[in-house]
Amino acid sequence: MTPCLNWRELELLVQKIKPEVEGLFVDRIIVPERPLFPDQYLKGEWIIRLTGRKQEGAILFSIRPRHPYLGWLGSKGPKASIPATRSPFDLSLSKYLRGAKLLECTTLPQERVAILWFSEEGQAHQKLGLILVFIPAAPEAFLVTANKNSENQEWKILCRSRTIRDESKIQKTYTLPNGWNAPVQPPIRSELTSDSVSIYRILEQELKLEAFEKRVQEAQKILRQNKKQAQERMRQSTTAVLEGQREEDWQRLGDLLKSSLHHSPPLEGSVRYVTDFSMEDGSEQKIAIPCNPQFTLKQQVEKFYQNARRKQRRIQEAQTRLDQFKEAFLKFEKMLLETPVPLDWEWLKKIETLAGTVPVSGFLSSSEKLSEKKSQKNRTAWLGKTFTSRDGLLLWVGRSKDENLELTFKQARGNDIWMHVRGKPGAHLVIPLRTGKSAPLETLLDAAHLTLYYSGGEKWGKTEVDYTFKKYVKRIKDSTEASYTHNKTLLIETDIQRMKRLLDQHPG
């Protein structure tokens, strides 16, 4: 059932809710928790909790664009959302309606407008009306005050859900629409013939589907960005390989100069002339080799060999990155081609893990969200092996020396946590963190187990795993190794159940 209602469906729904709610008192007004949605709540959705001597219940209403709806649940309903922000309209509703008695629930003829009338405290002749406009393109809510006995059709507006900055356009009163343009007999869907609680359950199922589709769209959007990034990194790595291959043949120059050490060819300006006897036709060729005048012949030979090792290392590293980005590109492309099965949460978890958007535990305040948005603006996704800890934090693993260098010195940020097995060559692991946040113990233990596993140490017994902030990790000059300081140590022994839970995220 699509939540959008025509005027006859709204009229029928209100008639079903009416006997349940009239005579009850407003306990409180909350923004309900929606854990399946990325923000943990929906902006524009509220629950009015009602209570009486013999029963309690909750009226759910939404004025979200394209998703307006109304429902009744014969219990308190969902919990209040912790991270939800309180709008001026929300605060005004709580101020005016808390403790008020619900007098009447009605609709306007041939209009998608429902009105909940409440008693106004201390006002015997006044009543408060919560007007809910369920027009899909422009839903809105008003809180009005009216005289109980007056037939005046213009009511004073106390507050409204929509924020209007131009004061000249702000309505002071609400005038009832006349319904002249509405369809005469719109159809009523069969789902709405159920009782009000069943309708609420149908609505909840629709919200689950909406949450699923929204998260799929967000994950696919990030996957497309990651795919594009992987494509660009493939291009950069290919260029790096070609540039390395076009670089001077330092090994050959070193060999030629080394072969002439016995007669030490003189330095003419910045060039030494050496005879090359390795021509295919057996002829000789004089080669001009550029040399640094400050180097001895032996030092120059060693410099050429050093450049040759550096060239080979650069080519190998670029080729490894190229292979890694190709693997990631194909992985993203394959996932994007898959057709999601509605409400297949395991599939959603798989795509969110790949995209790095798995919902994390805990909630962010508005200021934290803004800070997080700024801090993540230029952070790129790790295209290598990625896991999710028990606490919902990402764990990035480097599985080779080239991946380790890429992860540690190009991917990680200064306050991310970096991890390595003490005293042994092995995997680097990074826990990317939000600004000002730390990793819980369970996340550190998950990360330590993965570090141990990808270092080949799952059978080493008790092993020390060091961790520190990435800003304390430095690359040792002219090597693929790193040194680190300010570290702490975890002494762990492989927990089979923990390892299985982590590795099951990437079967095979």
# chains A, B, ... in the order shown; residues from 1 in each chain; ligands from 1

$ residues_around --residues "Ser389 (chain A)" --least-positions-apart "2" --cutoff "9 Å" --atoms "only C-alpha atoms" --output "JSON list (two decimals) with N, CA and C atoms, in the first residue's frame"
[["chain", "number", "residue", "atom", "x", "y", "z"],
["A", 387, "PHE", "N", 36.77, -4.75, 6.26],
["A", 387, "PHE", "CA", 35.89, -5.49, 7.17],
["A", 387, "PHE", "C", 35.14, -4.50, 8.04],
["A", 391, "ASP", "N", 31.50, -3.25, 16.52],
["A", 391, "ASP", "CA", 30.93, -1.94, 16.83],
["A", 391, "ASP", "C", 30.51, -1.16, 15.59],
["A", 392, "GLY", "N", 30.68, -1.74, 14.40],
["A", 392, "GLY", "CA", 30.27, -1.07, 13.17],
["A", 392, "GLY", "C", 31.33, -0.19, 12.55],
["A", 393, "LEU", "N", 32.57, -0.21, 13.06],
["A", 393, "LEU", "CA", 33.64, 0.60, 12.47],
["A", 393, "LEU", "C", 34.34, -0.19, 11.37],
["A", 394, "LEU", "N", 34.86, 0.55, 10.38],
["A", 394, "LEU", "CA", 35.55, -0.09, 9.26],
["A", 394, "LEU", "C", 36.96, -0.49, 9.66],
["A", 395, "LEU", "N", 37.43, -1.59, 9.08],
["A", 395, "LEU", "CA", 38.79, -2.09, 9.29],
["A", 395, "LEU", "C", 39.41, -2.29, 7.92],
["A", 442, "GLU", "N", 36.30, -3.74, 21.67],
["A", 442, "GLU", "CA", 35.90, -4.82, 20.77],
["A", 442, "GLU", "C", 36.44, -4.59, 19.35],
["A", 443, "THR", "N", 36.42, -3.33, 18.91],
["A", 443, "THR", "CA", 36.96, -3.01, 17.58],
["A", 443, "THR", "C", 38.46, -3.26, 17.54],
["A", 444, "LEU", "N", 39.18, -2.87, 18.61],
["A", 444, "LEU", "CA", 40.63, -3.10, 18.67],
["A", 444, "LEU", "C", 40.95, -4.59, 18.63],
["A", 445, "LEU", "N", 40.14, -5.40, 19.33],
["A", 445, "LEU", "CA", 40.37, -6.85, 19.33],
["A", 445, "LEU", "C", 40.08, -7.45, 17.96],
["A", 446, "ASP", "N", 39.00, -6.98, 17.31],
["A", 446, "ASP", "CA", 38.71, -7.45, 15.96],
["A", 446, "ASP", "C", 39.87, -7.11, 15.02],
["A", 447, "ALA", "N", 40.35, -5.87, 15.13],
["A", 447, "ALA", "CA", 41.44, -5.42, 14.26],
["A", 447, "ALA", "C", 42.71, -6.22, 14.52],
["A", 502, "LEU", "N", 34.46, -12.48, 11.51],
["A", 502, "LEU", "CA", 35.08, -11.47, 10.64],
["A", 502, "LEU", "C", 35.27, -12.00, 9.23]]

$ residues_around --residues "Asn6 (chain A)" --least-positions-apart "4" --cutoff "7 Å" --atoms "only C-alpha atoms" --output "list in words"
Leu10, Arg112 and Pro186 of chain A

$ residues_around --residues "Val397 (chain A)" --least-positions-apart "2" --cutoff "9 Å" --atoms "only C-alpha atoms" --output "list in words"
Trp382, Gly384, Lys385, Thr386, Phe387, Leu395, Arg399, Glu403, Asn404, Leu407, Ala427, His428, Leu429, Val430, Ala447, Leu450, Thr451 and Tyr454 of chain A

$ residues_around --residues "Pro432 (chain A)" --least-positions-apart "3" --cutoff "9 Å" --atoms "only C-alpha atoms" --output "VMD selection string"
chain A and resid 393 to 396 412 to 413 415 to 418

$ write_last_selection --atoms "N, CA and C atoms" --output "PDB file, in the first residue's frame"
ATOM      1  N   LEU A 393      32.569  -0.211  13.058  1.00  0.00           N
ATOM      2  CA  LEU A 393      33.641   0.596  12.474  1.00  0.00           C
ATOM      3  C   LEU A 393      34.342  -0.187  11.370  1.00  0.00           C
ATOM      4  N   LEU A 394      34.863   0.555  10.382  1.00  0.00           N
ATOM      5  CA  LEU A 394      35.551  -0.085   9.263  1.00  0.00           C
ATOM      6  C   LEU A 394      36.962  -0.487   9.658  1.00  0.00           C
ATOM      7  N   LEU A 395      37.429  -1.586   9.082  1.00  0.00           N
ATOM      8  CA  LEU A 395      38.793  -2.086   9.287  1.00  0.00           C
ATOM      9  C   LEU A 395      39.415  -2.290   7.918  1.00  0.00           C
ATOM     10  N   TRP A 396      40.480  -1.539   7.608  1.00  0.00           N
ATOM     11  CA  TRP A 396      41.155  -1.626   6.302  1.00  0.00           C
ATOM     12  C   TRP A 396      42.439  -2.432   6.469  1.00  0.00           C
ATOM     13  N   ALA A 412      45.592   6.420   4.944  1.00  0.00           N
ATOM     14  CA  ALA A 412      45.269   6.711   6.337  1.00  0.00           C
ATOM     15  C   ALA A 412      45.486   8.185   6.672  1.00  0.00           C
ATOM     16  N   ARG A 413      44.674   8.677   7.620  1.00  0.00           N
ATOM     17  CA  ARG A 413      44.814  10.041   8.137  1.00  0.00           C
ATOM     18  C   ARG A 413      45.544  10.000   9.477  1.00  0.00           C
ATOM     19  N   ASN A 415      44.945  10.814  12.613  1.00  0.00           N
ATOM     20  CA  ASN A 415      44.342  10.309  13.841  1.00  0.00           C
ATOM     21  C   ASN A 415      43.620   8.980  13.663  1.00  0.00           C
ATOM     22  N   ASP A 416      43.824   8.334  12.513  1.00  0.00           N
ATOM     23  CA  ASP A 416      43.350   6.964  12.360  1.00  0.00           C
ATOM     24  C   ASP A 416      44.260   6.043  13.176  1.00  0.00           C
ATOM     25  N   ILE A 417      43.721   4.906  13.613  1.00  0.00           N
ATOM     26  CA  ILE A 417      44.533   3.944  14.368  1.00  0.00           C
ATOM     27  C   ILE A 417      45.230   2.996  13.391  1.00  0.00           C
ATOM     28  N   TRP A 418      46.525   2.817  13.605  1.00  0.00           N
ATOM     29  CA  TRP A 418      47.364   1.951  12.763  1.00  0.00           C
ATOM     30  C   TRP A 418      47.825   0.775  13.607  1.00  0.00           C
TER      31      TRP A 418
END

$ residues_around --residues "Ile47 (chain A)" --least-positions-apart "3" --cutoff "8 Å" --atoms "only C-alpha atoms" --output "compact mmCIF listing (two decimals) with N, CA and C atoms, in the first residue's frame"
# COMPACT_ATOMS: atom_id res chain seq x y z
N ILE A 29 4.61 14.20 22.82
CA ILE A 29 4.79 14.16 21.36
C ILE A 29 6.26 13.88 21.09
N ILE A 30 6.54 12.85 20.31
CA ILE A 30 7.93 12.44 20.06
C ILE A 30 8.19 12.29 18.56
N VAL A 31 9.48 12.31 18.23
CA VAL A 31 9.92 11.90 16.89
C VAL A 31 10.32 10.44 17.02
N PRO A 32 9.65 9.51 16.33
CA PRO A 32 9.92 8.08 16.54
C PRO A 32 11.28 7.64 16.01
N ALA A 58 -1.17 5.46 20.20
CA ALA A 58 -0.30 6.44 19.55
C ALA A 58 -0.82 6.75 18.16
N ILE A 59 -0.90 8.03 17.84
CA ILE A 59 -1.24 8.47 16.48
C ILE A 59 0.07 8.83 15.78
N LEU A 60 0.32 8.18 14.68
CA LEU A 60 1.50 8.47 13.86
C LEU A 60 1.07 9.33 12.68
N PHE A 61 1.78 10.43 12.45
CA PHE A 61 1.49 11.21 11.24
C PHE A 61 2.79 11.71 10.63

$ select_by_dssp --residues "region 195-287 of chain A" --states "alpha helix (DSSP H)" --output "PDB file with N, CA and C atoms, in the first residue's frame"
ATOM      1  N   SER A 196      -7.627  -0.465  12.027  1.00  0.00           N
ATOM      2  CA  SER A 196      -6.624   0.593  12.046  1.00  0.00           C
ATOM      3  C   SER A 196      -5.236   0.078  12.414  1.00  0.00           C
ATOM      4  N   VAL A 197      -5.151  -0.912  13.317  1.00  0.00           N
ATOM      5  CA  VAL A 197      -3.845  -1.448  13.706  1.00  0.00           C
ATOM      6  C   VAL A 197      -3.202  -2.198  12.545  1.00  0.00           C
ATOM      7  N   SER A 198      -3.991  -2.936  11.771  1.00  0.00           N
ATOM      8  CA  SER A 198      -3.462  -3.651  10.598  1.00  0.00           C
ATOM      9  C   SER A 198      -2.937  -2.669   9.561  1.00  0.00           C
ATOM     10  N   ILE A 199      -3.654  -1.555   9.413  1.00  0.00           N
ATOM     11  CA  ILE A 199      -3.203  -0.528   8.478  1.00  0.00           C
ATOM     12  C   ILE A 199      -1.857   0.025   8.924  1.00  0.00           C
ATOM     13  N   TYR A 200      -1.688   0.208  10.234  1.00  0.00           N
ATOM     14  CA  TYR A 200      -0.409   0.693  10.766  1.00  0.00           C
ATOM     15  C   TYR A 200       0.706  -0.294  10.441  1.00  0.00           C
ATOM     16  N   ARG A 201       0.430  -1.585  10.570  1.00  0.00           N
ATOM     17  CA  ARG A 201       1.455  -2.596  10.276  1.00  0.00           C
ATOM     18  C   ARG A 201       1.830  -2.571   8.804  1.00  0.00           C
ATOM     19  N   ILE A 202       0.845  -2.377   7.930  1.00  0.00           N
ATOM     20  CA  ILE A 202       1.126  -2.261   6.492  1.00  0.00           C
ATOM     21  C   ILE A 202       2.022  -1.051   6.243  1.00  0.00           C
ATOM     22  N   LEU A 203       1.716   0.042   6.933  1.00  0.00           N
ATOM     23  CA  LEU A 203       2.505   1.262   6.809  1.00  0.00           C
ATOM     24  C   LEU A 203       3.945   1.027   7.261  1.00  0.00           C
ATOM     25  N   GLU A 204       4.123   0.313   8.369  1.00  0.00           N
ATOM     26  CA  GLU A 204       5.465   0.010   8.863  1.00  0.00           C
ATOM     27  C   GLU A 204       6.245  -0.819   7.844  1.00  0.00           C
ATOM     28  N   GLN A 205       5.561  -1.753   7.167  1.00  0.00           N
ATOM     29  CA  GLN A 205       6.217  -2.561   6.135  1.00  0.00           C
ATOM     30  C   GLN A 205       6.662  -1.677   4.971  1.00  0.00           C
ATOM     31  N   GLU A 206       5.819  -0.708   4.618  1.00  0.00           N
ATOM     32  CA  GLU A 206       6.175   0.233   3.546  1.00  0.00           C
ATOM     33  C   GLU A 206       7.397   1.062   3.940  1.00  0.00           C
ATOM     34  N   LEU A 207       7.476   1.442   5.200  1.00  0.00           N
ATOM     35  CA  LEU A 207       8.624   2.211   5.665  1.00  0.00           C
ATOM     36  C   LEU A 207       9.903   1.383   5.623  1.00  0.00           C
ATOM     37  N   LYS A 208       9.797   0.087   5.933  1.00  0.00           N
ATOM     38  CA  LYS A 208      10.959  -0.794   5.815  1.00  0.00           C
ATOM     39  C   LYS A 208      11.455  -0.839   4.383  1.00  0.00           C
ATOM     40  N   LEU A 209      10.507  -0.946   3.443  1.00  0.00           N
ATOM     41  CA  LEU A 209      10.880  -0.975   2.028  1.00  0.00           C
ATOM     42  C   LEU A 209      11.515   0.349   1.612  1.00  0.00           C
ATOM     43  N   GLU A 210      10.960   1.463   2.100  1.00  0.00           N
ATOM     44  CA  GLU A 210      11.535   2.780   1.779  1.00  0.00           C
ATOM     45  C   GLU A 210      12.959   2.894   2.316  1.00  0.00           C
ATOM     46  N   ALA A 211      13.176   2.427   3.576  1.00  0.00           N
ATOM     47  CA  ALA A 211      14.513   2.472   4.177  1.00  0.00           C
ATOM     48  C   ALA A 211      15.492   1.627   3.374  1.00  0.00           C
ATOM     49  N   PHE A 212      15.032   0.435   2.959  1.00  0.00           N
ATOM     50  CA  PHE A 212      15.884  -0.455   2.170  1.00  0.00           C
ATOM     51  C   PHE A 212      16.292   0.211   0.866  1.00  0.00           C
ATOM     52  N   GLU A 213      15.315   0.767   0.146  1.00  0.00           N
ATOM     53  CA  GLU A 213      15.601   1.394  -1.147  1.00  0.00           C
ATOM     54  C   GLU A 213      16.514   2.611  -0.985  1.00  0.00           C
ATOM     55  N   LYS A 214      16.295   3.388   0.068  1.00  0.00           N
ATOM     56  CA  LYS A 214      17.113   4.571   0.304  1.00  0.00           C
ATOM     57  C   LYS A 214      18.562   4.192   0.574  1.00  0.00           C
ATOM     58  N   ARG A 215      18.766   3.160   1.382  1.00  0.00           N
ATOM     59  CA  ARG A 215      20.129   2.728   1.693  1.00  0.00           C
ATOM     60  C   ARG A 215      20.798   2.088   0.495  1.00  0.00           C
ATOM     61  N   VAL A 216      20.030   1.363  -0.313  1.00  0.00           N
ATOM     62  CA  VAL A 216      20.593   0.793  -1.542  1.00  0.00           C
ATOM     63  C   VAL A 216      21.059   1.917  -2.474  1.00  0.00           C
ATOM     64  N   GLN A 217      20.224   2.931  -2.639  1.00  0.00           N
ATOM     65  CA  GLN A 217      20.580   4.052  -3.506  1.00  0.00           C
ATOM     66  C   GLN A 217      21.832   4.759  -3.018  1.00  0.00           C
ATOM     67  N   GLU A 218      21.936   4.955  -1.695  1.00  0.00           N
ATOM     68  CA  GLU A 218      23.112   5.624  -1.135  1.00  0.00           C
ATOM     69  C   GLU A 218      24.365   4.780  -1.350  1.00  0.00           C
ATOM     70  N   ALA A 219      24.258   3.467  -1.097  1.00  0.00           N
ATOM     71  CA  ALA A 219      25.406   2.579  -1.275  1.00  0.00           C
ATOM     72  C   ALA A 219      25.813   2.513  -2.745  1.00  0.00           C
ATOM     73  N   GLN A 220      24.829   2.420  -3.649  1.00  0.00           N
ATOM     74  CA  GLN A 220      25.144   2.366  -5.080  1.00  0.00           C
ATOM     75  C   GLN A 220      25.788   3.663  -5.558  1.00  0.00           C
ATOM     76  N   LYS A 221      25.337   4.780  -5.015  1.00  0.00           N
ATOM     77  CA  LYS A 221      25.945   6.065  -5.375  1.00  0.00           C
ATOM     78  C   LYS A 221      27.421   6.075  -4.999  1.00  0.00           C
ATOM     79  N   ILE A 222      27.737   5.596  -3.786  1.00  0.00           N
ATOM     80  CA  ILE A 222      29.132   5.562  -3.348  1.00  0.00           C
ATOM     81  C   ILE A 222      29.925   4.542  -4.155  1.00  0.00           C
ATOM     82  N   LEU A 223      29.296   3.408  -4.492  1.00  0.00           N
ATOM     83  CA  LEU A 223      29.987   2.409  -5.322  1.00  0.00           C
ATOM     84  C   LEU A 223      30.337   2.990  -6.690  1.00  0.00           C
ATOM     85  N   ARG A 224      29.423   3.776  -7.261  1.00  0.00           N
ATOM     86  CA  ARG A 224      29.726   4.407  -8.556  1.00  0.00           C
ATOM     87  C   ARG A 224      30.895   5.383  -8.416  1.00  0.00           C
ATOM     88  N   GLN A 225      30.912   6.115  -7.301  1.00  0.00           N
ATOM     89  CA  GLN A 225      32.032   7.029  -7.066  1.00  0.00           C
ATOM     90  C   GLN A 225      33.334   6.240  -6.894  1.00  0.00           C
ATOM     91  N   ASN A 226      33.265   5.139  -6.134  1.00  0.00           N
ATOM     92  CA  ASN A 226      34.452   4.313  -5.918  1.00  0.00           C
ATOM     93  C   ASN A 226      34.926   3.672  -7.218  1.00  0.00           C
ATOM     94  N   LYS A 227      33.971   3.247  -8.047  1.00  0.00           N
ATOM     95  CA  LYS A 227      34.320   2.666  -9.344  1.00  0.00           C
ATOM     96  C   LYS A 227      35.043   3.695 -10.210  1.00  0.00           C
ATOM     97  N   LYS A 228      34.504   4.914 -10.213  1.00  0.00           N
ATOM     98  CA  LYS A 228      35.139   5.993 -10.985  1.00  0.00           C
ATOM     99  C   LYS A 228      36.527   6.295 -10.439  1.00  0.00           C
ATOM    100  N   GLN A 229      36.643   6.291  -9.110  1.00  0.00           N
ATOM    101  CA  GLN A 229      37.942   6.542  -8.498  1.00  0.00           C
ATOM    102  C   GLN A 229      38.929   5.420  -8.843  1.00  0.00           C
ATOM    103  N   ALA A 230      38.456   4.163  -8.771  1.00  0.00           N
ATOM    104  CA  ALA A 230      39.327   3.031  -9.110  1.00  0.00           C
ATOM    105  C   ALA A 230      39.801   3.136 -10.558  1.00  0.00           C
ATOM    106  N   GLN A 231      38.912   3.576 -11.439  1.00  0.00           N
ATOM    107  CA  GLN A 231      39.267   3.745 -12.847  1.00  0.00           C
ATOM    108  C   GLN A 231      40.362   4.802 -13.003  1.00  0.00           C
ATOM    109  N   GLU A 232      40.216   5.904 -12.255  1.00  0.00           N
ATOM    110  CA  GLU A 232      41.218   6.964 -12.315  1.00  0.00           C
ATOM    111  C   GLU A 232      42.546   6.493 -11.731  1.00  0.00           C
ATOM    112  N   ARG A 233      42.482   5.739 -10.625  1.00  0.00           N
ATOM    113  CA  ARG A 233      43.719   5.228 -10.029  1.00  0.00           C
ATOM    114  C   ARG A 233      44.375   4.189 -10.928  1.00  0.00           C
ATOM    115  N   MET A 234      43.573   3.444 -11.687  1.00  0.00           N
ATOM    116  CA  MET A 234      44.143   2.522 -12.675  1.00  0.00           C
ATOM    117  C   MET A 234      44.915   3.301 -13.737  1.00  0.00           C
ATOM    118  N   ARG A 235      44.313   4.401 -14.171  1.00  0.00           N
ATOM    119  CA  ARG A 235      44.991   5.231 -15.183  1.00  0.00           C
ATOM    120  C   ARG A 235      46.299   5.799 -14.626  1.00  0.00           C
ATOM    121  N   GLN A 236      46.264   6.277 -13.392  1.00  0.00           N
ATOM    122  CA  GLN A 236      47.465   6.832 -12.781  1.00  0.00           C
ATOM    123  C   GLN A 236      48.542   5.767 -12.607  1.00  0.00           C
ATOM    124  N   SER A 237      48.126   4.575 -12.172  1.00  0.00           N
ATOM    125  CA  SER A 237      49.091   3.486 -11.960  1.00  0.00           C
ATOM    126  C   SER A 237      49.689   3.022 -13.278  1.00  0.00           C
ATOM    127  N   THR A 238      48.855   2.960 -14.336  1.00  0.00           N
ATOM    128  CA  THR A 238      49.370   2.596 -15.659  1.00  0.00           C
ATOM    129  C   THR A 238      50.398   3.613 -16.129  1.00  0.00           C
ATOM    130  N   THR A 239      50.107   4.889 -15.920  1.00  0.00           N
ATOM    131  CA  THR A 239      51.048   5.954 -16.285  1.00  0.00           C
ATOM    132  C   THR A 239      52.347   5.809 -15.501  1.00  0.00           C
ATOM    133  N   ALA A 240      52.235   5.475 -14.189  1.00  0.00           N
ATOM    134  CA  ALA A 240      53.426   5.305 -13.359  1.00  0.00           C
ATOM    135  C   ALA A 240      54.282   4.135 -13.845  1.00  0.00           C
ATOM    136  N   VAL A 241      53.622   3.040 -14.265  1.00  0.00           N
ATOM    137  CA  VAL A 241      54.365   1.887 -14.794  1.00  0.00           C
ATOM    138  C   VAL A 241      55.106   2.277 -16.072  1.00  0.00           C
ATOM    139  N   LEU A 242      54.407   2.957 -16.978  1.00  0.00           N
ATOM    140  CA  LEU A 242      55.026   3.349 -18.258  1.00  0.00           C
ATOM    141  C   LEU A 242      56.166   4.340 -18.043  1.00  0.00           C
ATOM    142  N   GLU A 243      55.969   5.295 -17.129  1.00  0.00           N
ATOM    143  CA  GLU A 243      57.033   6.260 -16.846  1.00  0.00           C
ATOM    144  C   GLU A 243      58.249   5.564 -16.250  1.00  0.00           C
ATOM    145  N   GLY A 244      58.001   4.579 -15.371  1.00  0.00           N
ATOM    146  CA  GLY A 244      59.115   3.825 -14.801  1.00  0.00           C
ATOM    147  C   GLY A 244      59.874   3.049 -15.858  1.00  0.00           C
ATOM    148  N   GLN A 245      59.118   2.463 -16.801  1.00  0.00           N
ATOM    149  CA  GLN A 245      59.768   1.696 -17.877  1.00  0.00           C
ATOM    150  C   GLN A 245      60.548   2.594 -18.831  1.00  0.00           C
ATOM    151  N   ARG A 246      60.090   3.852 -18.987  1.00  0.00           N
ATOM    152  CA  ARG A 246      60.798   4.786 -19.878  1.00  0.00           C
ATOM    153  C   ARG A 246      62.005   5.431 -19.205  1.00  0.00           C
ATOM    154  N   TRP A 250      69.302   2.352 -15.574  1.00  0.00           N
ATOM    155  CA  TRP A 250      70.377   2.571 -14.605  1.00  0.00           C
ATOM    156  C   TRP A 250      71.235   1.324 -14.403  1.00  0.00           C
ATOM    157  N   GLN A 251      70.624   0.146 -14.492  1.00  0.00           N
ATOM    158  CA  GLN A 251      71.364  -1.094 -14.307  1.00  0.00           C
ATOM    159  C   GLN A 251      72.439  -1.230 -15.382  1.00  0.00           C
ATOM    160  N   ARG A 252      72.100  -0.924 -16.617  1.00  0.00           N
ATOM    161  CA  ARG A 252      73.056  -1.022 -17.731  1.00  0.00           C
ATOM    162  C   ARG A 252      74.184  -0.008 -17.547  1.00  0.00           C
ATOM    163  N   LEU A 253      73.818   1.223 -17.168  1.00  0.00           N
ATOM    164  CA  LEU A 253      74.855   2.240 -16.973  1.00  0.00           C
ATOM    165  C   LEU A 253      75.800   1.843 -15.841  1.00  0.00           C
ATOM    166  N   GLY A 254      75.239   1.281 -14.774  1.00  0.00           N
ATOM    167  CA  GLY A 254      76.080   0.829 -13.660  1.00  0.00           C
ATOM    168  C   GLY A 254      77.002  -0.292 -14.081  1.00  0.00           C
ATOM    169  N   ASP A 255      76.473  -1.248 -14.887  1.00  0.00           N
ATOM    170  CA  ASP A 255      77.297  -2.370 -15.343  1.00  0.00           C
ATOM    171  C   ASP A 255      78.430  -1.876 -16.246  1.00  0.00           C
ATOM    172  N   LEU A 256      78.122  -0.945 -17.163  1.00  0.00           N
ATOM    173  CA  LEU A 256      79.152  -0.416 -18.064  1.00  0.00           C
ATOM    174  C   LEU A 256      80.246   0.308 -17.290  1.00  0.00           C
ATOM    175  N   LEU A 257      79.819   1.131 -16.311  1.00  0.00           N
ATOM    176  CA  LEU A 257      80.812   1.883 -15.554  1.00  0.00           C
ATOM    177  C   LEU A 257      81.623   0.960 -14.649  1.00  0.00           C
ATOM    178  N   LYS A 258      80.979  -0.082 -14.133  1.00  0.00           N
ATOM    179  CA  LYS A 258      81.674  -1.028 -13.262  1.00  0.00           C
ATOM    180  C   LYS A 258      82.747  -1.802 -14.044  1.00  0.00           C
ATOM    181  N   SER A 259      82.404  -2.118 -15.308  1.00  0.00           N
ATOM    182  CA  SER A 259      83.369  -2.884 -16.131  1.00  0.00           C
ATOM    183  C   SER A 259      84.628  -2.080 -16.456  1.00  0.00           C
TER     184      SER A 259
END

$ select_by_dssp --residues "region 112-212 of chain A" --states "strand (DSSP E)" --output "number ranges by chain"
A: 113-120, 123-133, 140-147, 154-160, 173-175

$ decode --residues "region 455-466 of chain A" --atoms "N, CA and C atoms" --output "PDB file, in the first residue's frame"
ATOM      1  N   SER A 455      48.973 -11.604   8.759  1.00  0.00           N
ATOM      2  CA  SER A 455      50.419 -11.707   8.912  1.00  0.00           C
ATOM      3  C   SER A 455      50.846 -13.166   8.994  1.00  0.00           C
ATOM      4  N   GLY A 456      49.868 -14.084   8.855  1.00  0.00           N
ATOM      5  CA  GLY A 456      50.159 -15.520   8.887  1.00  0.00           C
ATOM      6  C   GLY A 456      50.366 -16.065  10.277  1.00  0.00           C
ATOM      7  N   GLY A 457      49.845 -15.376  11.298  1.00  0.00           N
ATOM      8  CA  GLY A 457      50.144 -15.781  12.666  1.00  0.00           C
ATOM      9  C   GLY A 457      48.987 -16.338  13.448  1.00  0.00           C
ATOM     10  N   GLU A 458      47.960 -16.882  12.766  1.00  0.00           N
ATOM     11  CA  GLU A 458      46.806 -17.383  13.511  1.00  0.00           C
ATOM     12  C   GLU A 458      47.142 -18.580  14.392  1.00  0.00           C
ATOM     13  N   LYS A 459      48.334 -19.217  14.166  1.00  0.00           N
ATOM     14  CA  LYS A 459      48.729 -20.371  14.985  1.00  0.00           C
ATOM     15  C   LYS A 459      49.965 -20.068  15.829  1.00  0.00           C
ATOM     16  N   TRP A 460      50.263 -18.797  16.021  1.00  0.00           N
ATOM     17  CA  TRP A 460      51.451 -18.415  16.790  1.00  0.00           C
ATOM     18  C   TRP A 460      51.225 -18.468  18.295  1.00  0.00           C
ATOM     19  N   GLY A 461      50.017 -18.664  18.731  1.00  0.00           N
ATOM     20  CA  GLY A 461      49.741 -18.603  20.166  1.00  0.00           C
ATOM     21  C   GLY A 461      49.626 -17.155  20.615  1.00  0.00           C
ATOM     22  N   LYS A 462      49.982 -16.880  21.853  1.00  0.00           N
ATOM     23  CA  LYS A 462      49.896 -15.515  22.363  1.00  0.00           C
ATOM     24  C   LYS A 462      50.893 -14.618  21.631  1.00  0.00           C
ATOM     25  N   THR A 463      50.373 -13.549  21.059  1.00  0.00           N
ATOM     26  CA  THR A 463      51.204 -12.669  20.222  1.00  0.00           C
ATOM     27  C   THR A 463      50.919 -11.213  20.572  1.00  0.00           C
ATOM     28  N   GLU A 464      51.959 -10.392  20.534  1.00  0.00           N
ATOM     29  CA  GLU A 464      51.827  -8.964  20.803  1.00  0.00           C
ATOM     30  C   GLU A 464      51.516  -8.211  19.509  1.00  0.00           C
ATOM     31  N   VAL A 465      50.459  -7.428  19.538  1.00  0.00           N
ATOM     32  CA  VAL A 465      50.078  -6.599  18.389  1.00  0.00           C
ATOM     33  C   VAL A 465      50.108  -5.137  18.847  1.00  0.00           C
ATOM     34  N   ASP A 466      50.922  -4.327  18.175  1.00  0.00           N
ATOM     35  CA  ASP A 466      51.050  -2.916  18.538  1.00  0.00           C
ATOM     36  C   ASP A 466      50.051  -2.065  17.768  1.00  0.00           C
TER      37      ASP A 466
END
